[in-house]
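J.: Quick one: the structure is below, questions incoming.
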Amino acid sequence: MKSGRKLAPTIIVIFGGTGDLTKRKLIPAFYNLYIDGWMPEKFVIIGLGRTQWTDEDYKEHLHEGLVEFSRKGKPDEAKWQQFHASVSYFESNINDPEAYRGLADRLDAFDQEWGVRANRLFYLSIAPQFIEAATVNISKYELASRPDSDRIVVEKPFGYNKQTAVALNRLLSQTFQEEQIYRIDHYLGKETVQNILAFRFANALFEPLWNRNYIDYIQVTVAEQVGVEDRGSYYEHSGALRDMIQNHLLQVLCMIAMEAPISFQAEEIRNRKVDVMRAIRRLRPEEVHKYAVRGQYGPGWIAGRKVPGYREEPGVDPRSNTETYAAVQLYIDNWRWQGVPFYLRTGKRMQEKTSSITIQFRPVPHSTFSPTQAGNIMPNRLTINIQPTMDIRLRFTAKKQGLEMSLNPAEMVFDYDTCSTQTPEAYETLLLDAMRGDATLYMRSDQVEEAWDVITPIQEAWESRDSLDFPNYAAGTWGPESAEALIARQGHIWALNLHT
Ligand code: BG6
């Protein structure tokens, strides 16, 4: 059985320890790694925050998060007791140098107690304006002095545009070497997204077809039913393009479009991915309206419940110009993909929660069958459902049973649920990788900067001109009509009903 017992003693320090992410994702992930035997034998988690809490208050707060958000539900009491013995709270102000002195003492005390200099994992789950104070002080107090065993994980948003991302990379590089910096994109930790690499590069069947000669177009949809919830003030400065396309959707695109890496080494894979990012055609300002569509949800109905429009959400400007939906048509200028449209779309308050990739193959070059027989011939389609349905489906045409030659679509399905009911959460995979020092699924500085570069013309065009038709889609629908028109020009439609 695999285990994390061989991992070196590790101290995890969470900046933003009282935040939502820690409660919803990080602690449930560490706890599940713990009960599944993946945590190092010796570890501690120190949560940092300004709230005046005792250790007990903090643990109570984290326990509530586990009950509500862990994939395994309410924790077993005895196991929780064992786990939380390794968790503590450190009340501190991120801008206060004294706090770092105190933190240094705490870290040293663990090293003394364990008789070894432990690995240190700093997790920055804080707003961008605090990153400078955190990294400068980590450096000043020499908290991360060992490049081979001290690491920093940085949560999004990684910058606000290309310029701020470059500045942030520069800032981090003053304290950390690139090998120590783990820029997280949780989509890369999703089981179904990781499987893209296995599917493509561990099978000989699809790769010969995986190019412009056989593929008509590719779609990536990440649709959410939730609205902006209580994140209105963050989202107002973000919007769907920054929040989702710049990171999650472009990362998924890279996994689909990359060349085969020579080996499964972090740098090999990251090199191939950044090649894709570089090859994505940059839009000229005057082309943006042709290749990108924005939307904002108005009031509507979700699962039989009336929900408010974006402009009525807390923390949102009643005349907001922020997009809650974005669709883009991209091209990759290389031999493999020349001329194949990649359609990416994402939105909040959509009809269904679903993340899915559609690889649409070209039709057969000549129909052997008469029009009456071939009435139902549909080009082959490969659908990779990322969430909540997790499967891979291949649509092909088959003969309908009976005395006549009549054709019908059929499907071959690989369903994750039939293999295992215990799929690890993305954060479990990614945190374990960070503790092991494996950056394969994390983003390198150049990838992040290139991704900003791809969206910059769209960002600038949308910021310079208010959208006059906002809100332009009702909550509970598939987004604005202009997104249908975007791809209809090439004779394509969004694969809405993803399971047929
Ligand atoms: C986050 C975005 O990165 O991803 C959120 O900031 C979004 O706005 C979330 O809701 C979606 O993640 P998932 O894993 O629920 O698809």
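Here, A, B, ... name the chains of the structure tokens in the order displayed, residue numbers run from 1 inside each chain, and ligands are numbered from 1 in the same displayed order.
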Which residues sit within 10 Å of ligand 1, counting only C-alpha atoms and all ligand atoms, listed as a PyMOL selection string?

T.: chain A and resi 155-157+184-187+189-190+222-229+231+234-235+238-240+242-245+247-248+324+346-348+353-355+386-388+425-427

J.: DSSP on the backbone, then: every residue of range 311-376 of chain A marked helix (DSSP H, G or I), written as an MDAnalysis selection string.

T.: chainID A and resid 311:312 373:376

J.: Of the candidates A:Trp462, A:Phe361, A:Tyr331, A:Trp337, which shows the shortest atom-to-atom distance to Pro379 in chain A, using only C-alpha atoms?

T.: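 Checking each candidate against Pro379 in chain A, we get A:Phe361 as the closest.
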
J.: If we count only C-alpha atoms, what is near Glu68 in chain A at a cut-off of 12 Å, once residues fewer than 3 positions away on the same chain are taken out, given as number ranges by chain?

T.: A: 23-25, 27-28, 61-65, 71-75

J.: Excluding same-chain residues fewer than 5 positions from range 204-221 of chain A, what lies within 6 Å of it counting only C-alpha atoms, as a list in words?

T.: Arg336, Trp337, Val340, Pro341, Phe342, Tyr343, Leu344, Arg345, Thr346, Ser355, Ser356, Ile357, Thr358, Ile359, Gln360, Phe361 and Arg362 of chain A

J.: With N, CA and C atoms retained, write the just-selected residues as a CSV table (one decimal), in the first residue's frame.

T.:
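In the end it all went to selection.csv:
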chain,number,residue,atom,x,y,z
A,336,ARG,N,0.2,21.0,-36.0
A,336,ARG,CA,-0.9,20.1,-35.6
A,336,ARG,C,-2.3,20.7,-35.6
A,337,TRP,N,-2.4,22.0,-35.3
A,337,TRP,CA,-3.7,22.6,-35.0
A,337,TRP,C,-4.1,23.7,-36.0
A,340,VAL,N,-7.9,24.8,-36.7
A,340,VAL,CA,-8.9,24.1,-35.9
A,340,VAL,C,-9.4,25.1,-34.8
A,341,PRO,N,-10.7,25.4,-34.8
A,341,PRO,CA,-11.1,26.4,-33.7
A,341,PRO,C,-11.2,25.7,-32.4
A,342,PHE,N,-10.7,26.3,-31.4
A,342,PHE,CA,-10.9,25.9,-30.0
A,342,PHE,C,-11.9,26.9,-29.3
A,343,TYR,N,-13.0,26.4,-29.0
A,343,TYR,CA,-14.0,27.3,-28.3
A,343,TYR,C,-14.0,27.0,-26.8
A,344,LEU,N,-13.8,28.1,-26.1
A,344,LEU,CA,-13.8,28.0,-24.6
A,344,LEU,C,-14.9,28.8,-24.1
A,345,ARG,N,-15.7,28.3,-23.2
A,345,ARG,CA,-16.7,29.1,-22.6
A,345,ARG,C,-16.9,28.8,-21.1
A,346,THR,N,-17.3,29.8,-20.4
A,346,THR,CA,-17.5,29.6,-18.9
A,346,THR,C,-18.5,30.6,-18.5
A,355,SER,N,-18.6,20.5,-16.4
A,355,SER,CA,-17.3,20.9,-17.0
A,355,SER,C,-17.0,19.8,-18.0
A,356,SER,N,-16.8,20.1,-19.2
A,356,SER,CA,-16.6,19.1,-20.2
A,356,SER,C,-15.8,19.5,-21.4
A,357,ILE,N,-15.1,18.5,-22.0
A,357,ILE,CA,-14.3,18.8,-23.2
A,357,ILE,C,-15.0,18.0,-24.4
A,358,THR,N,-15.2,18.6,-25.5
A,358,THR,CA,-15.7,17.9,-26.7
A,358,THR,C,-14.7,18.0,-27.8
A,359,ILE,N,-14.3,16.8,-28.2
A,359,ILE,CA,-13.4,16.7,-29.4
A,359,ILE,C,-14.3,16.2,-30.6
A,360,GLN,N,-14.5,17.1,-31.5
A,360,GLN,CA,-15.4,16.8,-32.6
A,360,GLN,C,-14.6,16.4,-33.8
A,361,PHE,N,-14.8,15.2,-34.2
A,361,PHE,CA,-14.0,14.7,-35.4
A,361,PHE,C,-14.8,15.1,-36.7
A,362,ARG,N,-14.0,15.1,-37.8
A,362,ARG,CA,-14.6,15.4,-39.1
A,362,ARG,C,-15.6,14.3,-39.5
